[in-house]
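Remarks on the structure that follows.
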Amino acid sequence: MPDVHTTLLPAGPDPLARIGYRTSRHADGNVLGEQSGWFLTGRENRIVRTAAETLLAAPNDDARLVDAQRMSPITLIGPPGCGKSLLATAVANQASVAWGAQAVMHTSLPDFRRMADAALSDDRVAAFRRRMRGLRLLVLEELHRCGSSQWMADELVATIDALRGAGAIVLITSLTSPAGIATLGPPLLSRLSEGLSVEVSPADEPVRGELLRRCVEANGKPINEDALGEITSHVSGDARRLMATARQLCELAPPARPVSRTEVREWIRRGTPAESTPLHTIAKLVAKRFGQPLRELRSPSRRQPVVAARAAAITLARRLTPLSYDEIGRYFGGRDHTTVAHSHNAANRRAAADRGYREALDSLIAELRSKASA
């Protein structure tokens, strides 16, 4: 693996929060295997690697802790699938194990805003501030979704000031540079500029190749070297896309055989239509085929016909899109990743035992791929 470095990532104290497909509730889905526990970097992300390894070591190493405190607030900036949330989750997991779950908060900016607004409306501002400002690590995701509420912006600035003053660490992720987010305001921009901002670049070709190899192996198959070399130039550095590609290649390969150039060329010939299949299109077609209103699939309903249709839509979304369990869950009424994973597994078990159900799924996949190609 020339110019490819592996950073080992810890799992959280909760076994359901391990790094992998069943990742923690705040990760954005750019994970690389059922229990991967690693993050790959090349020459393009050496600074990211240094910052990540400092943060991962900080809870158990006083010298690294001092370094992390000096860098805080730390902002990881990059496009979807580059690994910023994977790293943020790993840092939160490590700190939770070392310092205890009560010392760590891992949330998103929209959720922080909702918590702050609820505290204000319920007259619990003092309790909210004690909780936030007593942390040793605050991880805030999705800075680019920061709203325009002045109260929330002031509260966030005061929280960052209090945490830095107490020697705590603030870690933030964002799709874009803070300077380009109009709603942040000068005080918050000033605080962020005092810390470290790091751009997380999409993986270069050597890293993409190793990522794809591990994703294919995580799906239970090896991949031939010539096949890997041929496909690497056709895939992007978005880890979610790589995961989807790995699943598609494994589906194309015959049982008990590695992924070969035959499957790679078929994948290229198809033009990877599955990557462009919108989740709404999948859900709408499934709802029609199962005779259920689409709104019911997205509702809390537990009626058995609705549950079966929803599980089918979730399974097709996992097979035909690069979306994570969390992203699929948000579409289907805000379900968490464990509920979505359960539905996916249940549908797979039923497909293995029920020929009619399996043929219905295959027919839906064929129709969706035909629509996407058209």
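Residues are referred to by chain and number: the chain letter is A, B, ... according to the order shown in the structure tokens, the number counts from 1 in that chain, and ligands are numbered separately from 1 in the order shown.
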So which bits of range 33-84 of chain A end up alpha helix (DSSP H) when you DSSP the backbone, as a PyMOL selection string?
-> chain A and resi 46-57+62-71+84
Written selection (N, CA, C and O atoms) as a PDB file, in the first residue's frame:
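Output contents, as saved in selection-v5.pdb:
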```pdb
ATOM      1  N   ARG A  46      -2.301  14.283   5.162  1.00  0.00           N
ATOM      2  CA  ARG A  46      -1.336  14.072   6.240  1.00  0.00           C
ATOM      3  C   ARG A  46      -1.635  14.953   7.452  1.00  0.00           C
ATOM      4  O   ARG A  46      -1.471  14.528   8.593  1.00  0.00           O
ATOM      5  N   ILE A  47      -2.048  16.197   7.212  1.00  0.00           N
ATOM      6  CA  ILE A  47      -2.362  17.093   8.343  1.00  0.00           C
ATOM      7  C   ILE A  47      -3.587  16.571   9.090  1.00  0.00           C
ATOM      8  O   ILE A  47      -3.641  16.603  10.326  1.00  0.00           O
ATOM      9  N   VAL A  48      -4.563  16.073   8.344  1.00  0.00           N
ATOM     10  CA  VAL A  48      -5.753  15.488   8.971  1.00  0.00           C
ATOM     11  C   VAL A  48      -5.345  14.321   9.860  1.00  0.00           C
ATOM     12  O   VAL A  48      -5.817  14.187  10.998  1.00  0.00           O
ATOM     13  N   ARG A  49      -4.460  13.464   9.354  1.00  0.00           N
ATOM     14  CA  ARG A  49      -4.014  12.305  10.119  1.00  0.00           C
ATOM     15  C   ARG A  49      -3.350  12.745  11.430  1.00  0.00           C
ATOM     16  O   ARG A  49      -3.640  12.194  12.489  1.00  0.00           O
ATOM     17  N   THR A  50      -2.495  13.757  11.357  1.00  0.00           N
ATOM     18  CA  THR A  50      -1.808  14.241  12.558  1.00  0.00           C
ATOM     19  C   THR A  50      -2.806  14.765  13.587  1.00  0.00           C
ATOM     20  O   THR A  50      -2.725  14.438  14.780  1.00  0.00           O
ATOM     21  N   ALA A  51      -3.769  15.570  13.111  1.00  0.00           N
ATOM     22  CA  ALA A  51      -4.776  16.116  14.024  1.00  0.00           C
ATOM     23  C   ALA A  51      -5.622  14.996  14.625  1.00  0.00           C
ATOM     24  O   ALA A  51      -5.906  14.995  15.834  1.00  0.00           O
ATOM     25  N   ALA A  52      -6.024  14.026  13.794  1.00  0.00           N
ATOM     26  CA  ALA A  52      -6.863  12.928  14.274  1.00  0.00           C
ATOM     27  C   ALA A  52      -6.128  12.087  15.311  1.00  0.00           C
ATOM     28  O   ALA A  52      -6.699  11.727  16.362  1.00  0.00           O
ATOM     29  N   GLU A  53      -4.878  11.769  15.052  1.00  0.00           N
ATOM     30  CA  GLU A  53      -4.133  10.925  15.989  1.00  0.00           C
ATOM     31  C   GLU A  53      -3.854  11.656  17.300  1.00  0.00           C
ATOM     32  O   GLU A  53      -3.822  11.043  18.367  1.00  0.00           O
ATOM     33  N   THR A  54      -3.688  12.984  17.217  1.00  0.00           N
ATOM     34  CA  THR A  54      -3.548  13.770  18.450  1.00  0.00           C
ATOM     35  C   THR A  54      -4.824  13.711  19.275  1.00  0.00           C
ATOM     36  O   THR A  54      -4.801  13.480  20.490  1.00  0.00           O
ATOM     37  N   LEU A  55      -5.968  13.899  18.615  1.00  0.00           N
ATOM     38  CA  LEU A  55      -7.253  13.871  19.315  1.00  0.00           C
ATOM     39  C   LEU A  55      -7.553  12.490  19.887  1.00  0.00           C
ATOM     40  O   LEU A  55      -8.082  12.372  21.004  1.00  0.00           O
ATOM     41  N   LEU A  56      -7.233  11.441  19.143  1.00  0.00           N
ATOM     42  CA  LEU A  56      -7.504  10.086  19.616  1.00  0.00           C
ATOM     43  C   LEU A  56      -6.630   9.725  20.813  1.00  0.00           C
ATOM     44  O   LEU A  56      -7.058   8.981  21.704  1.00  0.00           O
ATOM     45  N   ALA A  57      -5.407  10.260  20.843  1.00  0.00           N
ATOM     46  CA  ALA A  57      -4.500   9.948  21.949  1.00  0.00           C
ATOM     47  C   ALA A  57      -4.741  10.825  23.169  1.00  0.00           C
ATOM     48  O   ALA A  57      -4.378  10.449  24.295  1.00  0.00           O
ATOM     49  N   ASP A  62      -1.207  12.951  28.458  1.00  0.00           N
ATOM     50  CA  ASP A  62      -1.259  14.346  28.899  1.00  0.00           C
ATOM     51  C   ASP A  62      -0.625  15.299  27.893  1.00  0.00           C
ATOM     52  O   ASP A  62      -1.132  16.412  27.682  1.00  0.00           O
ATOM     53  N   ALA A  63       0.492  14.888  27.277  1.00  0.00           N
ATOM     54  CA  ALA A  63       1.148  15.765  26.306  1.00  0.00           C
ATOM     55  C   ALA A  63       0.258  15.990  25.091  1.00  0.00           C
ATOM     56  O   ALA A  63       0.136  17.124  24.596  1.00  0.00           O
ATOM     57  N   ARG A  64      -0.385  14.916  24.598  1.00  0.00           N
ATOM     58  CA  ARG A  64      -1.301  15.064  23.455  1.00  0.00           C
ATOM     59  C   ARG A  64      -2.537  15.869  23.854  1.00  0.00           C
ATOM     60  O   ARG A  64      -3.098  16.597  23.027  1.00  0.00           O
ATOM     61  N   LEU A  65      -2.967  15.746  25.086  1.00  0.00           N
ATOM     62  CA  LEU A  65      -4.107  16.514  25.563  1.00  0.00           C
ATOM     63  C   LEU A  65      -3.794  18.008  25.498  1.00  0.00           C
ATOM     64  O   LEU A  65      -4.632  18.808  25.065  1.00  0.00           O
ATOM     65  N   VAL A  66      -2.610  18.384  25.923  1.00  0.00           N
ATOM     66  CA  VAL A  66      -2.208  19.794  25.856  1.00  0.00           C
ATOM     67  C   VAL A  66      -2.208  20.274  24.408  1.00  0.00           C
ATOM     68  O   VAL A  66      -2.682  21.377  24.095  1.00  0.00           O
ATOM     69  N   ASP A  67      -1.695  19.441  23.501  1.00  0.00           N
ATOM     70  CA  ASP A  67      -1.696  19.800  22.075  1.00  0.00           C
ATOM     71  C   ASP A  67      -3.116  19.991  21.565  1.00  0.00           C
ATOM     72  O   ASP A  67      -3.406  20.948  20.822  1.00  0.00           O
ATOM     73  N   ALA A  68      -4.013  19.085  21.937  1.00  0.00           N
ATOM     74  CA  ALA A  68      -5.405  19.184  21.483  1.00  0.00           C
ATOM     75  C   ALA A  68      -6.076  20.432  22.050  1.00  0.00           C
ATOM     76  O   ALA A  68      -6.857  21.096  21.354  1.00  0.00           O
ATOM     77  N   GLN A  69      -5.776  20.757  23.297  1.00  0.00           N
ATOM     78  CA  GLN A  69      -6.352  21.959  23.907  1.00  0.00           C
ATOM     79  C   GLN A  69      -5.885  23.214  23.170  1.00  0.00           C
ATOM     80  O   GLN A  69      -6.661  24.153  22.972  1.00  0.00           O
ATOM     81  N   ARG A  70      -4.624  23.217  22.758  1.00  0.00           N
ATOM     82  CA  ARG A  70      -4.105  24.371  22.021  1.00  0.00           C
ATOM     83  C   ARG A  70      -4.757  24.509  20.647  1.00  0.00           C
ATOM     84  O   ARG A  70      -4.944  25.625  20.144  1.00  0.00           O
ATOM     85  N   MET A  71      -5.109  23.386  20.028  1.00  0.00           N
ATOM     86  CA  MET A  71      -5.720  23.423  18.695  1.00  0.00           C
ATOM     87  C   MET A  71      -7.198  23.797  18.744  1.00  0.00           C
ATOM     88  O   MET A  71      -7.763  24.243  17.750  1.00  0.00           O
ATOM     89  N   LYS A  84     -14.818  12.946   7.652  1.00  0.00           N
ATOM     90  CA  LYS A  84     -14.761  13.865   8.799  1.00  0.00           C
ATOM     91  C   LYS A  84     -15.650  13.402   9.946  1.00  0.00           C
ATOM     92  O   LYS A  84     -15.255  13.483  11.117  1.00  0.00           O
TER      93      LYS A  84
END
```
As JSON, numbers by chain, which residues of range 183-314 of chain A does DSSP assign to strand (DSSP E)?
-> {"A": [196, 197, 198, 199]}
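From CA of Pro178 in chain A back to CA of Thr75 in chain A, the distance works out to 8.6 Å.
Nearest residue to Leu135 in chain A among A:Ser174, A:Thr159, A:Ser363, A:Gln248 is A:Thr159, counting only C-alpha atoms.
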Any idea what's packed within 12 Å of Ala346 in chain A, counting only C-alpha atoms, ignoring anything in its chain fewer than 4 positions away? Could you give it as an NGL selection string?
-> :A and (307-312 or 314-315 or 339-342 or 350-354 or 357)
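Separating CA of Glu266 in chain A from CA of Leu320 in chain A is a distance of 15.6 Å.
Within the 10 Å cut-off around Cys82 in chain A, using only C-alpha atoms and omitting residues fewer than 4 positions from it on the same chain, the listed residues are A:Asn30, A:Val31, A:Ile77, A:Gly78, A:Leu86, A:Leu87, A:Leu175, A:Glu199, A:Val200, A:Ser201, A:Pro202, A:Ala203, A:Gly237, A:Asp238, A:Ala239, A:Arg240.
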Nearest to Glu194 in chain A, restricted to only C-alpha atoms and choosing among A:Thr262, A:Ser72, A:Asn348, A:Thr277, comes out as A:Ser72
Could you name the residues that touch Gly42 in chain A at 7 Å or less, counting only C-alpha atoms, but leaving out those on the same chain fewer than 6 positions away, as a PyMOL selection string?
-> chain A and resi 3-5+204+207
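Using only C-alpha atoms, the smallest distance between any of A:Ala246, A:Ala103, A:Ala168, A:Ile328 and Ile74 in chain A comes from A:Ala168.
Computed from the coordinates, the CA of Pro222 in chain A to CA of Val259 in chain A distance equals 6.3 Å.
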Long-range neighbours of Ala116 in chain A as JSON, numbers by chain, 10 Å cut-off, only C-alpha atoms, 2 positions minimum in chain | {"A": [110, 111, 112, 113, 114, 118, 119, 120, 121, 122, 124, 125, 128, 129, 151, 152, 155, 156]}
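Distance annotation: of A:Asp326, A:Arg43, A:Arg257, A:Gly334, the residue with the minimal separation from Ser299 in chain A is A:Gly334; atom set is only C-alpha atoms.
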